[in-house]
Amino acid sequence: VTSGNGNQDLTGGSALNLRGLGADASLTLLNGRRLAYDGFSQGVDISAIPVEAVERLEIVPDGASAIYGSDAVGGVANVILKPDYDGVTLGARYGGATDGGLATREYTATAGTTWASGGLIATFKDADVDPIYTRQRSYTKHLVDPYTIYNRSDSRSGLVSVHQSMGDVAEFRLDAFRTERDMTQYYGLTTDSYYRYSPKASITLVSPSIAFFLRHDWSLTLSGAYGKDDDIYARHLVSTAGSSLADLEYYNNESRSWEIGAEGPLFPVGAGDAHLAIGAGAREYEYHNVPKVSGSPFGGDENVRFAYAELSVPFVSPASDIPGVHRLEFSAAMRGEDYDSFGQVTTPKLGVIYDPTADFTFKTSLGKSFKAPTLAQLYGNKYAYLWSASAVGASGSPADATVLMSYGGNADLQAERARTWTTSLAFHPEALPGLDAELSWFDIDYTDRVVLPLNYLQALSNPAYADYVDQSPTPEKIQELFAVYGSTFYNLSGVAYDPNKVVAIIRDQYLNAARQRIKGLDLSGSYRFDLGGGQLAVRGSASWLESKQITSAGQAEQTLAGTVFNPARLNGRIGAVWASGGFSASGFVNYTGGVTNRVATGTEKTASFTTVDTTINYDVGERAGAFSGLTLGLSVQNLLNRAPPLYTSAFATYVPYDATNYSAIGRFISVSVSKRW
């Protein structure tokens, strides 16, 4: 989910989380252009893009900073819009959960036209969704009402994409969209009080580009993009005494970028041409957080300059007719970026594609990737806390001994860095042209991840935190802490502050401290063949993930994958789609493995989660009469109404299931109708 660290969701959006590394380590693009970040993380709300204008989603599940820059550690998702659209389509969709809640109403309009030298598509969507309350599910009825497990939302989005060719000289393109979303969430506290959250979000992107067609098949592209994400996050405390504004914050993200790039053939090699792409540009980010009830505003900006080059050399092509070497291609990429905050970073990548025969393709790549620290981590509010030594785990200290702790933003953060290695083998036999299968293996060594490094309650009792504790600090060290973090000081020790009584300093501000190792396997395949007057496509995919983290040399390695609020170790999906004329039907089985939860008595393992989805569509097609261009659809998700596997939650006020991996929606039925002219 988007808008926050971990699984927090401030705005009701959705973000990709490739390889389980987090939304901030997966790069999302729209027609190759960056969008503004969402909330206070570096995630991008992909759900803000109107899906009616989308032609396809391209996923690169590999470290790609050498080509795309920061954030592309887990991979890259590029949303490609429809280049051409003729006509007008109006659509509606209604749905709801059979156990109650999540009543959904969606209305869409899409229009477009093409002409000899260009085209235009425009879409508009209005959708509102009712919440699911804990009282509507048997396993959450014990929680205080009102309490929502899926929130009410109301969203409106519009998009325009136009392209115009100027003869054989150039082509101009403009993509622009805006999405606005309101959300309401309830969190029950007592029988007499609850919190009501009412965030509002607006997301904008304007991206123009012009490509010039040069001699010898070269092209030169000038592009720019402006993105803005505004979020207002309001929290009201409601009780029998009335309603009061408990919290109100304003998050603003803006991004501006420009780029010039050229690509084309360099020289002939084998039976093809070596191809080169080069470019340079700059980006500027701004982030501001403005609390309206308590706290001080904070934020900052970041300027980035970059240059890149990518070379591909097809040494052997199928036309070469060399036994044992059907195709052999090498690629190399290099990108350098210069940040105002932490300086320069360079990321290379090497790749090989080898086809021993026309039936097999072997790919491998080795490279480096990085992620810049978020502006909230760099410029967030800074705090100094004074604790009693016993409160943070000290034993044997004098009763009046105290400990200073720094917390919050850290302008000295460096980039997070990763070494990525991916290898895959694809099988696409010429004798069975409808069969495709691929097995991929990946290994990511991710270092210098930015974290809050310790549990301050154990800072002086757990030897694993020794790297972040300065014992018997000098007056100069104490003064240095106050110089950076002393603008907001909280004395929670119960005694007056006396620098002579400070026995230790705890550094719990954001630090480049964590190291993660992520490995896994991905298997996918499809087989298409004629059946019963139509075509049947059988598709399946499965992934196995292993990820671990260590924060300091003294700490034990911590397992991530397969534990609560982290991706399950094993996920899979298999099913089939049959189509004949305007009729199509599909059925898929989805599997998510169980996860381990740490409890006071040790650990517990949840059950796995298996659901069945089915869809039926009928397109009347073009014909005479009022039914021409009509399309009807019926969709059922979680057909067997499987409830999420339960576990022991950390607090009695939390839902008793892992909302990261499992859904409490239950069976969801929707019908849709659309009409084309």
# chains A, B, ... in the order shown; residues from 1 in each chain; ligands from 1
>>> residues_around(residues="segment 405-418 of chain A", least_positions_apart="4", cutoff="6 Å", atoms="only C-alpha atoms", output="ChimeraX atom specification")
/A:342,368-373,377-385,445-449,505-510
>>> write_last_selection(atoms="N, CA and C atoms", output="compact mmCIF listing (two decimals), in the first residue's frame")
# COMPACT_ATOMS: atom_id res chain seq x y z
N PHE A 342 23.66 14.05 -0.78
CA PHE A 342 24.72 13.09 -0.46
C PHE A 342 25.79 12.98 -1.53
N LYS A 368 24.37 -2.78 -10.34
CA LYS A 368 24.20 -2.09 -9.07
C LYS A 368 23.00 -1.14 -9.18
N SER A 369 22.32 -0.97 -8.06
CA SER A 369 21.19 -0.06 -8.00
C SER A 369 21.26 0.74 -6.72
N PHE A 370 20.42 1.76 -6.60
CA PHE A 370 20.43 2.58 -5.39
C PHE A 370 19.08 3.24 -5.20
N LYS A 371 18.87 3.70 -3.99
CA LYS A 371 17.69 4.49 -3.66
C LYS A 371 18.12 5.67 -2.80
N ALA A 372 17.74 6.86 -3.22
CA ALA A 372 18.06 8.05 -2.43
C ALA A 372 17.19 8.08 -1.17
N PRO A 373 17.70 8.56 -0.05
CA PRO A 373 16.85 8.70 1.15
C PRO A 373 15.69 9.63 0.86
N GLN A 377 12.97 11.64 5.52
CA GLN A 377 14.07 11.12 6.33
C GLN A 377 15.21 12.14 6.45
N LEU A 378 15.45 12.89 5.39
CA LEU A 378 16.53 13.88 5.42
C LEU A 378 16.16 15.10 6.26
N TYR A 379 14.93 15.59 6.06
CA TYR A 379 14.58 16.90 6.61
C TYR A 379 13.45 16.85 7.63
N GLY A 380 13.09 15.66 8.10
CA GLY A 380 12.04 15.54 9.10
C GLY A 380 12.42 16.24 10.40
N ASN A 381 11.41 16.53 11.20
CA ASN A 381 11.64 17.19 12.49
C ASN A 381 12.67 16.43 13.32
N LYS A 382 13.47 17.16 14.05
CA LYS A 382 14.51 16.58 14.90
C LYS A 382 14.13 16.79 16.36
N TYR A 383 14.30 15.74 17.17
CA TYR A 383 13.91 15.78 18.57
C TYR A 383 15.06 15.29 19.44
N ALA A 384 15.14 15.83 20.64
CA ALA A 384 16.03 15.32 21.68
C ALA A 384 15.17 14.91 22.87
N TYR A 385 15.40 13.69 23.37
CA TYR A 385 14.65 13.17 24.51
C TYR A 385 15.61 12.93 25.67
N ASP A 445 21.66 -8.04 -2.87
CA ASP A 445 22.39 -7.71 -1.65
C ASP A 445 22.22 -6.20 -1.42
N TYR A 446 21.35 -5.85 -0.48
CA TYR A 446 20.89 -4.47 -0.28
C TYR A 446 21.50 -3.93 1.01
N THR A 447 22.34 -2.93 0.89
CA THR A 447 23.05 -2.40 2.05
C THR A 447 22.69 -0.93 2.29
N ASP A 448 23.05 -0.46 3.49
CA ASP A 448 22.85 0.94 3.88
C ASP A 448 21.39 1.37 3.84
N ARG A 449 20.48 0.46 4.12
CA ARG A 449 19.06 0.82 4.17
C ARG A 449 18.82 1.77 5.34
N ILE A 505 24.46 8.50 25.49
CA ILE A 505 23.72 9.09 24.38
C ILE A 505 23.25 7.96 23.46
N ILE A 506 21.96 7.96 23.13
CA ILE A 506 21.39 6.98 22.21
C ILE A 506 21.13 7.67 20.87
N ARG A 507 21.62 7.09 19.80
CA ARG A 507 21.38 7.65 18.47
C ARG A 507 20.29 6.82 17.78
N ASP A 508 19.05 7.32 17.87
CA ASP A 508 17.91 6.62 17.27
C ASP A 508 17.29 7.45 16.15
N GLN A 509 18.06 8.36 15.56
CA GLN A 509 17.58 9.05 14.37
C GLN A 509 17.77 8.15 13.16
N TYR A 510 17.21 8.55 12.02
CA TYR A 510 17.38 7.76 10.80
C TYR A 510 18.86 7.59 10.49
>>> closest_atom_pairs(of="segment 546-615 of chain A", to="segment 525-539 of chain A", cutoff="10 Å", atoms="only C-alpha atoms", output="Markdown table")
| residue | atom | partner | partner_atom | distance |
| --- | --- | --- | --- | --- |
| A:Arg573 | CA | A:Arg539 | CA | 8.2 |
| A:Ile574 | CA | A:Arg539 | CA | 5.7 |
| A:Gly575 | CA | A:Arg539 | CA | 5.6 |
| A:Ala576 | CA | A:Val538 | CA | 4.3 |
| A:Val577 | CA | A:Ala537 | CA | 5.2 |
| A:Trp578 | CA | A:Leu536 | CA | 4.4 |
| A:Ala579 | CA | A:Gly534 | CA | 5.5 |
| A:Ser580 | CA | A:Gly534 | CA | 4.2 |
| A:Gly581 | CA | A:Gly534 | CA | 7.3 |
| A:Phe583 | CA | A:Gly534 | CA | 9.3 |
| A:Ser584 | CA | A:Gly534 | CA | 9.2 |
| A:Ala585 | CA | A:Leu536 | CA | 9.6 |
| A:Ser586 | CA | A:Ala537 | CA | 9.3 |
| A:Gly587 | CA | A:Val538 | CA | 9.8 |
| A:Phe588 | CA | A:Arg539 | CA | 8.8 |
>>> write_last_selection(atoms="N, CA and C atoms", output="CSV table (one decimal), in the first residue's frame")
chain,number,residue,atom,x,y,z
A,573,ARG,N,-0.5,-18.5,-8.8
A,573,ARG,CA,-1.8,-18.3,-9.4
A,573,ARG,C,-1.8,-19.1,-10.7
A,574,ILE,N,-2.9,-19.9,-10.9
A,574,ILE,CA,-3.0,-20.7,-12.1
A,574,ILE,C,-4.5,-20.7,-12.5
A,575,GLY,N,-4.7,-20.7,-13.9
A,575,GLY,CA,-6.1,-20.7,-14.4
A,575,GLY,C,-6.1,-20.7,-15.9
A,576,ALA,N,-7.3,-20.4,-16.4
A,576,ALA,CA,-7.4,-20.5,-17.8
A,576,ALA,C,-8.5,-19.5,-18.3
A,577,VAL,N,-8.3,-19.1,-19.6
A,577,VAL,CA,-9.2,-18.2,-20.2
A,577,VAL,C,-9.6,-18.8,-21.6
A,578,TRP,N,-11.0,-18.9,-21.7
A,578,TRP,CA,-11.5,-19.5,-23.0
A,578,TRP,C,-12.3,-18.4,-23.7
A,579,ALA,N,-12.0,-18.2,-25.0
A,579,ALA,CA,-12.6,-17.1,-25.8
A,579,ALA,C,-13.1,-17.7,-27.1
A,580,SER,N,-14.3,-17.3,-27.5
A,580,SER,CA,-14.9,-17.7,-28.7
A,580,SER,C,-15.8,-16.6,-29.2
A,581,GLY,N,-15.5,-15.9,-30.3
A,581,GLY,CA,-16.3,-14.8,-30.8
A,581,GLY,C,-16.2,-13.7,-29.8
A,583,PHE,N,-17.5,-14.0,-26.8
A,583,PHE,CA,-17.7,-14.5,-25.4
A,583,PHE,C,-16.3,-14.9,-24.9
A,584,SER,N,-16.1,-14.7,-23.6
A,584,SER,CA,-14.9,-15.1,-22.9
A,584,SER,C,-15.3,-15.5,-21.5
A,585,ALA,N,-14.6,-16.5,-20.9
A,585,ALA,CA,-14.8,-16.9,-19.5
A,585,ALA,C,-13.4,-17.3,-19.0
A,586,SER,N,-13.2,-17.0,-17.7
A,586,SER,CA,-11.9,-17.3,-17.1
A,586,SER,C,-12.2,-17.8,-15.7
A,587,GLY,N,-11.2,-18.6,-15.2
A,587,GLY,CA,-11.2,-19.0,-13.8
A,587,GLY,C,-9.8,-19.1,-13.3
A,588,PHE,N,-9.5,-18.6,-12.1
A,588,PHE,CA,-8.1,-18.7,-11.6
A,588,PHE,C,-8.1,-19.1,-10.1
>>> closest_atom_pairs(of="segment 265-297 of chain A", to="segment 306-317 of chain A", cutoff="9 Å", atoms="only C-alpha atoms", output="tab-separated table")
residue	atom	partner	partner_atom	distance
A:Val269	CA	A:Phe315	CA	6.0
A:Gly270	CA	A:Phe315	CA	5.0
A:Ala271	CA	A:Ser317	CA	5.8
A:Gly272	CA	A:Pro314	CA	6.4
A:Asp273	CA	A:Pro314	CA	6.9
A:Ala274	CA	A:Val313	CA	4.5
A:His275	CA	A:Ser312	CA	5.3
A:Leu276	CA	A:Leu311	CA	4.6
A:Ala277	CA	A:Glu310	CA	5.1
A:Ile278	CA	A:Ala309	CA	4.3
A:Gly279	CA	A:Tyr308	CA	5.5
A:Ala280	CA	A:Ala307	CA	4.1
A:Gly281	CA	A:Phe306	CA	5.5
A:Ala282	CA	A:Phe306	CA	6.0
A:Arg283	CA	A:Phe306	CA	8.4
>>> write_last_selection(atoms="N, CA and C atoms", output="compact mmCIF listing (two decimals), in the first residue's frame")
# COMPACT_ATOMS: atom_id res chain seq x y z
N VAL A 269 27.30 -5.17 -36.87
CA VAL A 269 27.99 -6.27 -36.20
C VAL A 269 27.14 -7.51 -36.37
N GLY A 270 27.77 -8.64 -36.68
CA GLY A 270 27.01 -9.86 -36.95
C GLY A 270 26.07 -9.61 -38.11
N ALA A 271 24.80 -9.92 -37.88
CA ALA A 271 23.79 -9.65 -38.92
C ALA A 271 22.92 -8.47 -38.54
N GLY A 272 23.37 -7.66 -37.56
CA GLY A 272 22.58 -6.51 -37.13
C GLY A 272 23.46 -5.30 -36.89
N ASP A 273 23.00 -4.43 -36.01
CA ASP A 273 23.72 -3.21 -35.69
C ASP A 273 23.87 -3.08 -34.18
N ALA A 274 25.02 -2.59 -33.75
CA ALA A 274 25.17 -2.17 -32.36
C ALA A 274 24.31 -0.93 -32.15
N HIS A 275 23.65 -0.87 -30.99
CA HIS A 275 22.69 0.21 -30.74
C HIS A 275 23.12 0.98 -29.49
N LEU A 276 23.05 2.30 -29.56
CA LEU A 276 23.47 3.14 -28.45
C LEU A 276 22.35 4.09 -28.07
N ALA A 277 22.14 4.24 -26.75
CA ALA A 277 21.21 5.25 -26.23
C ALA A 277 21.96 6.07 -25.19
N ILE A 278 21.93 7.38 -25.32
CA ILE A 278 22.61 8.27 -24.38
C ILE A 278 21.66 9.39 -24.00
N GLY A 279 21.91 9.99 -22.84
CA GLY A 279 21.06 11.09 -22.43
C GLY A 279 21.56 11.77 -21.18
N ALA A 280 20.94 12.89 -20.87
CA ALA A 280 21.28 13.66 -19.68
C ALA A 280 20.05 14.47 -19.29
N GLY A 281 20.02 14.91 -18.03
CA GLY A 281 18.89 15.70 -17.59
C GLY A 281 19.01 16.09 -16.14
N ALA A 282 17.90 16.55 -15.59
CA ALA A 282 17.88 16.99 -14.19
C ALA A 282 16.48 16.80 -13.63
N ARG A 283 16.42 16.57 -12.31
CA ARG A 283 15.15 16.48 -11.60
C ARG A 283 15.22 17.35 -10.35
>>> residues_around(residues="Ser674 of chain A", least_positions_apart="2", cutoff="9 Å", atoms="only C-alpha atoms", output="number ranges by chain")
A: 89-93, 108, 629-633, 672, 676
>>> residues_around(residues="Ser294 of chain A", least_positions_apart="5", cutoff="12 Å", atoms="only C-alpha atoms", output="PyMOL selection string")
chain A and resi 245-249+289
>>> residues_around(residues="Gln458 of chain A", least_positions_apart="6", cutoff="9 Å", atoms="only C-alpha atoms", output="PyMOL selection string")
chain A and resi 391-394+465
>>> residues_around(residues="Leu639 of chain A", least_positions_apart="4", cutoff="10 Å", atoms="only C-alpha atoms", output="list in words")
Gly587, Val589, Thr611, Val612, Asp613, Thr614, Ser635, Gly666, Arg667, Phe668 and Ile669 of chain A
>>> closest_residue(among="A:Tyr37, A:Tyr133, A:Tyr85, A:Tyr662", to="Ser202 of chain A", atoms="only C-alpha atoms")
A:Tyr37
>>> residues_around(residues="segment 120-124 of chain A", least_positions_apart="3", cutoff="6 Å", atoms="only C-alpha atoms", output="list in words")
Tyr85, Thr108, Ala109, Thr110, Ala111, Gly112, Thr113, Ser157, Gly158, Leu159, Val160, Ser161 and Val162 of chain A
>>> write_last_selection(atoms="C-alpha atoms", output="PDB file, in the first residue's frame")
ATOM      1  CA  TYR A  85      -8.607   5.264 -29.729  1.00  0.00           C
ATOM      2  CA  THR A 108     -16.471   5.788 -16.883  1.00  0.00           C
ATOM      3  CA  ALA A 109     -16.351   7.721 -20.123  1.00  0.00           C
ATOM      4  CA  THR A 110     -13.664   7.279 -22.770  1.00  0.00           C
ATOM      5  CA  ALA A 111     -13.447   9.162 -26.039  1.00  0.00           C
ATOM      6  CA  GLY A 112     -10.850   9.396 -28.742  1.00  0.00           C
ATOM      7  CA  THR A 113     -10.144  10.062 -32.353  1.00  0.00           C
ATOM      8  CA  SER A 157      -9.919  11.045 -12.283  1.00  0.00           C
ATOM      9  CA  GLY A 158      -9.369  12.360 -15.775  1.00  0.00           C
ATOM     10  CA  LEU A 159      -6.656  11.825 -18.390  1.00  0.00           C
ATOM     11  CA  VAL A 160      -5.770  13.266 -21.780  1.00  0.00           C
ATOM     12  CA  SER A 161      -3.105  11.891 -24.106  1.00  0.00           C
ATOM     13  CA  VAL A 162      -2.416  13.369 -27.539  1.00  0.00           C
TER      14      VAL A 162
END
>>> atom_distance(atom1="atom CA of Val169 of chain A", atom2="atom CA of Phe212 of chain A")
5.8 Å
>>> select_by_dssp(residues="segment 153-319 of chain A", states="helix (DSSP H, G or I)", output="ChimeraX atom specification")
/A:215-217,318-319
>>> closest_residue(among="A:Leu366, A:Ile353, A:Val595, A:Ala376", to="Gly300 of chain A", atoms="only C-alpha atoms")
A:Ala376
>>> closest_residue(among="A:Gln185, A:Ser198, A:Thr140, A:Thr204", to="Asp38 of chain A", atoms="only C-alpha atoms")
A:Thr204
